[in-house]
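Trainee: Before anything else, here's the structure in question.
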Amino acid sequence: MKFDIDARKYFKFNGNQTLVLRQFIGVGIPYGNSEDMPIIKSYFNGGSNDIRAWVAFGGLGPADSQVDERVRTYMTDNLKLTTNIEYRIPFNKTYEGALFTDIGNTWSLRNYNDGYGDEFKFNKFLKQVGIGSGFGLRLNIAYVTARIDLAYKIYDPNKPEGDRWRIKYIQPFKPTVNIAFGYPF
């Protein structure tokens, strides 16, 4: 069974600028003889409509797992929390800019004793969320919006303790690039 809540709030400023807030909560509960969610129904991080500083299946999560990134890339879980904040600024009818911050991660609902340390715990989850920020350009032509977002990792919970804040490692000319159609939310 899978339950998703996707709440969005749009605030208009100065007639044409928009602040968009999005909160996504997803929970999957395996039932019957299954101990895990099917991969296709499980949650992962990253991509153009999620935490944009990481590519889809790009090594964020689960939790603050210290498993090798090449293994983490293929790991999915059954609890997901994501918060997105985006400020949209139209330049004219065709072009629009955006500033954004994405926060979130995936966790397991219970400890499987698999050594990953990905179980959700209220007293630890805030230190286990990934944070990415960036900017984007939207091109509105007729009824289609094409966009490109450039994002940077700000906080990576899967790095060793003391090396998680990534601001000093940001390389302005090496962002995570997301190209997509439509708004991210």
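Quick note on naming: the chains in the structure tokens go A, B, ... in the order shown, residues restart at 1 in each chain, and ligands are numbered from 1 in order of appearance.
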Determine, using only C-alpha atoms, which residues of stretch 109-146 of chain A have any atom at most 8 Å from an atom of stretch 152-161 of chain A, and tabulate each with its shortest atom pair and distance in Å to one decimal place, rows ordered by chain and then rising number, as JSON lines.
Mentor:
{"residue": "A:Lys127", "atom": "CA", "partner": "A:Pro157", "partner_atom": "CA", "distance": 6.9}
{"residue": "A:Gln128", "atom": "CA", "partner": "A:Pro157", "partner_atom": "CA", "distance": 5.2}
{"residue": "A:Val129", "atom": "CA", "partner": "A:Pro157", "partner_atom": "CA", "distance": 6.3}
{"residue": "A:Gly130", "atom": "CA", "partner": "A:Asp156", "partner_atom": "CA", "distance": 5.1}
{"residue": "A:Ile131", "atom": "CA", "partner": "A:Tyr155", "partner_atom": "CA", "distance": 4.9}
{"residue": "A:Gly132", "atom": "CA", "partner": "A:Lys153", "partner_atom": "CA", "distance": 4.5}
{"residue": "A:Ser133", "atom": "CA", "partner": "A:Tyr152", "partner_atom": "CA", "distance": 5.5}
{"residue": "A:Gly134", "atom": "CA", "partner": "A:Tyr152", "partner_atom": "CA", "distance": 5.9}
Trainee: Keeping only C-alpha atoms, write those residues as a tab-separated table (two decimals), in the first residue's frame.
Mentor:
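Output file out.tsv is given in full below:
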chain	number	residue	atom	x	y	z
A	127	LYS	CA	20.45	15.90	10.08
A	128	GLN	CA	19.71	13.33	7.36
A	129	VAL	CA	18.04	15.55	4.77
A	130	GLY	CA	19.87	16.66	1.66
A	131	ILE	CA	19.72	20.33	0.67
A	132	GLY	CA	20.21	21.65	-2.84
A	133	SER	CA	19.76	25.15	-4.25
A	134	GLY	CA	20.01	26.76	-7.61
Trainee: Enumerate as a list in words all residues of chain A assigned to alpha helix (DSSP H) by DSSP on the backbone, naming them with the chain letters and numbers the document uses.
Mentor: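 Assigned to alpha helix (DSSP H), within chain A: Glu69, Arg70, Val71 and Arg72 of chain A.
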Trainee: Which one of A:Val20, A:Val177, A:Met37, A:Val71 sits closest to A:Thr101 if you count only C-alpha atoms?
Mentor: A:Val20
Trainee: Among chain A, which residues does DSSP mark as strand (DSSP E or B) when it is run on the backbone? Keep the chain and numbering as in the structure and answer as a PyMOL selection string.
Mentor: chain A and resi 2-13+17-28+43+77+79-90+95-108+119+130-141+144-155+165+176-181
Trainee: Pick the closest to A:Thr106 from A:Leu150, A:Leu79, A:Val55, A:Val27: which is it, counting only C-alpha atoms?
Mentor: A:Leu79
Trainee: If you count only C-alpha atoms, which residues fall within 8 Å of A:Ile51, apart from same-chain ones fewer than 5 positions away, as a PyMOL selection string?
Mentor: chain A and resi 45-46+82+84+102-104+131-132
Trainee: Take the residues from that selection and write them out as a JSON list (two decimals), in the first residue's frame, keeping all heavy atoms.
Mentor:
[["chain", "number", "residue", "atom", "x", "y", "z"],
["A", 45, "ASN", "N", 15.45, 9.50, -4.70],
["A", 45, "ASN", "CA", 15.70, 10.95, -4.67],
["A", 45, "ASN", "C", 16.30, 11.43, -5.98],
["A", 45, "ASN", "O", 16.92, 10.67, -6.71],
["A", 45, "ASN", "CB", 16.68, 11.30, -3.55],
["A", 45, "ASN", "CG", 16.08, 11.12, -2.20],
["A", 45, "ASN", "OD1", 15.03, 11.66, -1.91],
["A", 45, "ASN", "ND2", 16.74, 10.35, -1.34],
["A", 46, "GLY", "N", 16.13, 12.72, -6.22],
["A", 46, "GLY", "CA", 16.79, 13.37, -7.34],
["A", 46, "GLY", "C", 15.93, 13.48, -8.58],
["A", 46, "GLY", "O", 14.85, 12.92, -8.67],
["A", 82, "THR", "N", 9.94, 15.48, 1.20],
["A", 82, "THR", "CA", 10.58, 16.47, 0.34],
["A", 82, "THR", "C", 9.88, 17.81, 0.50],
["A", 82, "THR", "O", 8.66, 17.88, 0.47],
["A", 82, "THR", "CB", 10.52, 16.05, -1.15],
["A", 82, "THR", "OG1", 11.12, 14.77, -1.29],
["A", 82, "THR", "CG2", 11.24, 17.05, -2.02],
["A", 84, "ASN", "N", 10.05, 21.69, -1.23],
["A", 84, "ASN", "CA", 10.59, 22.51, -2.31],
["A", 84, "ASN", "C", 10.10, 23.94, -2.12],
["A", 84, "ASN", "O", 8.94, 24.17, -1.81],
["A", 84, "ASN", "CB", 10.12, 22.01, -3.68],
["A", 84, "ASN", "CG", 10.42, 20.55, -3.90],
["A", 84, "ASN", "OD1", 9.60, 19.71, -3.64],
["A", 84, "ASN", "ND2", 11.61, 20.26, -4.37],
["A", 102, "ASP", "N", 15.65, 22.87, -2.54],
["A", 102, "ASP", "CA", 14.98, 21.58, -2.38],
["A", 102, "ASP", "C", 15.60, 20.87, -1.18],
["A", 102, "ASP", "O", 16.83, 20.84, -1.03],
["A", 102, "ASP", "CB", 15.16, 20.71, -3.63],
["A", 102, "ASP", "CG", 14.71, 21.41, -4.90],
["A", 102, "ASP", "OD1", 13.67, 22.08, -4.87],
["A", 102, "ASP", "OD2", 15.40, 21.26, -5.93],
["A", 103, "ILE", "N", 14.74, 20.28, -0.35],
["A", 103, "ILE", "CA", 15.20, 19.63, 0.87],
["A", 103, "ILE", "C", 14.47, 18.29, 0.98],
["A", 103, "ILE", "O", 13.26, 18.23, 0.79],
["A", 103, "ILE", "CB", 14.85, 20.49, 2.11],
["A", 103, "ILE", "CG1", 15.43, 21.90, 1.96],
["A", 103, "ILE", "CG2", 15.31, 19.82, 3.39],
["A", 103, "ILE", "CD1", 14.85, 22.91, 2.92],
["A", 104, "GLY", "N", 15.19, 17.22, 1.32],
["A", 104, "GLY", "CA", 14.51, 15.95, 1.53],
["A", 104, "GLY", "C", 15.42, 14.75, 1.50],
["A", 104, "GLY", "O", 16.63, 14.85, 1.33],
["A", 131, "ILE", "N", 20.16, 18.99, 1.06],
["A", 131, "ILE", "CA", 19.72, 20.33, 0.67],
["A", 131, "ILE", "C", 20.44, 20.72, -0.61],
["A", 131, "ILE", "O", 21.66, 20.61, -0.71],
["A", 131, "ILE", "CB", 20.03, 21.37, 1.77],
["A", 131, "ILE", "CG1", 19.38, 20.97, 3.09],
["A", 131, "ILE", "CG2", 19.57, 22.76, 1.32],
["A", 131, "ILE", "CD1", 19.78, 21.83, 4.26],
["A", 132, "GLY", "N", 19.66, 21.16, -1.59],
["A", 132, "GLY", "CA", 20.21, 21.65, -2.84],
["A", 132, "GLY", "C", 19.54, 22.95, -3.22],
["A", 132, "GLY", "O", 18.36, 23.15, -2.96]]
Trainee: Select, from A:Phe173, A:Gly117, A:Phe13, A:Phe181, the residue with the minimum atom-to-atom distance to A:Tyr143, counting only C-alpha atoms.
Mentor: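 Under the stated criterion, the closest residue is A:Phe181.
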Trainee: Which neighbours of A:Trp107 fall inside 8 Å, counting only C-alpha atoms, when residues of the same chain fewer than 2 positions from it are skipped, and could you give them as number ranges by chain?
Mentor: A: 61-63, 77-80, 105, 109, 118-120
Trainee: Keeping only C-alpha atoms, write the selected residues as a PDB file, in the first residue's frame.
Mentor:
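The result, stored in selection-v3.pdb:
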ATOM      1  CA  GLY A  61      20.045   8.673   0.694  1.00  0.00           C
ATOM      2  CA  PRO A  62      18.782   6.583   2.111  1.00  0.00           C
ATOM      3  CA  ALA A  63      19.010   8.600   5.335  1.00  0.00           C
ATOM      4  CA  ASP A  77      13.059   3.066   0.463  1.00  0.00           C
ATOM      5  CA  ASN A  78       9.473   3.284   1.646  1.00  0.00           C
ATOM      6  CA  LEU A  79       9.302   6.728   3.306  1.00  0.00           C
ATOM      7  CA  LYS A  80       9.984  10.016   1.559  1.00  0.00           C
ATOM      8  CA  ASN A 105      15.489  12.309   1.609  1.00  0.00           C
ATOM      9  CA  LEU A 109      10.051   2.603   8.216  1.00  0.00           C
ATOM     10  CA  ASP A 118      18.355   4.055   7.024  1.00  0.00           C
ATOM     11  CA  GLU A 119      15.541   3.764   9.568  1.00  0.00           C
ATOM     12  CA  PHE A 120      13.489   6.951  10.096  1.00  0.00           C
TER      13      PHE A 120
END
Trainee: Neighbouring residues of A:Gly136 were defined as those with any atom within 8 Å, considering only C-alpha atoms; residues of the same chain fewer than 2 positions away were excluded. Please report them as an mmCIF file with C-alpha atoms, in the first residue's frame.
Mentor:
data_model
loop_
_atom_site.group_PDB
_atom_site.id
_atom_site.type_symbol
_atom_site.label_atom_id
_atom_site.label_comp_id
_atom_site.auth_asym_id
_atom_site.auth_seq_id
_atom_site.Cartn_x
_atom_site.Cartn_y
_atom_site.Cartn_z
ATOM 1 C CA GLY A 97 13.625 32.974 -14.006
ATOM 2 C CA ALA A 98 13.498 30.894 -10.849
ATOM 3 C CA LEU A 99 15.454 30.597 -7.603
ATOM 4 C CA GLY A 134 20.008 26.763 -7.610
ATOM 5 C CA ARG A 138 11.786 28.848 -18.130
ATOM 6 C CA ARG A 147 12.995 24.703 -18.462
ATOM 7 C CA ILE A 148 16.589 24.313 -17.487
ATOM 8 C CA ASP A 149 17.623 24.278 -13.830
ATOM 9 C CA LEU A 150 21.177 24.527 -12.530
#
Trainee: Excluding A:Glu35 and residues on its chain fewer than 5 positions from it, collect all residues at most 12 Å away from it, counting only C-alpha atoms, and give them as a ChimeraX atom specification.
Mentor: /A:28-30,77-78,108-112
Trainee: When you look at A:Asp4 with a cut-off of 8 Å (counting only C-alpha atoms), what residues show up, excluding the ones that are within fewer than 3 positions of it in the same chain? I need them as a VMD selection string.
Mentor: chain A and resid 24 to 27
Trainee: Just to be explicit: take each residue in the selection above, keep N, CA and C atoms, and write the result as a CSV table (one decimal), in the first residue's frame.
Mentor:
chain,number,residue,atom,x,y,z
A,24,PHE,N,6.0,17.3,0.1
A,24,PHE,CA,5.6,15.9,-0.4
A,24,PHE,C,5.9,14.9,0.8
A,25,ILE,N,5.0,14.1,1.1
A,25,ILE,CA,5.2,13.0,2.1
A,25,ILE,C,4.6,11.8,1.4
A,26,GLY,N,5.5,10.8,1.4
A,26,GLY,CA,5.1,9.5,0.8
A,26,GLY,C,5.5,8.3,1.7
A,27,VAL,N,4.5,7.4,1.9
A,27,VAL,CA,4.7,6.2,2.7
A,27,VAL,C,4.3,5.0,2.0
Trainee: I'd like the interatomic distance between atom CA of A:Leu137 and atom CA of A:Thr94, to a tenth of an Å.
Mentor: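 Between these atoms lies a distance of 10.4 Å.
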Trainee: Ranking A:Pro90, A:Arg70, A:Tyr116, A:Thr145 by minimum distance to A:Asn14 and counting only C-alpha atoms, which one comes first?
Mentor: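 Smallest distance to A:Asn14 is found for A:Pro90.
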Trainee: Rounded to one decimal in Å, what is the spacing between atom CA of A:Leu81 and atom CA of A:Phe44?
Mentor: 10.5 Å
Trainee: Of the residues A:Tyr74, A:Phe122, A:Tyr95, A:Trp54, which is the one nearest to A:Ala151, using only C-alpha atoms?
Mentor: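 The answer is A:Trp54, which sits nearest to A:Ala151.
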Trainee: Please, what distance in Å, to one decimal, runs between atom CA of A:Ile141 and atom CA of A:Asn178?
Mentor: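 We find that atom CA of A:Ile141 and atom CA of A:Asn178 lie 18.8 Å from each other.
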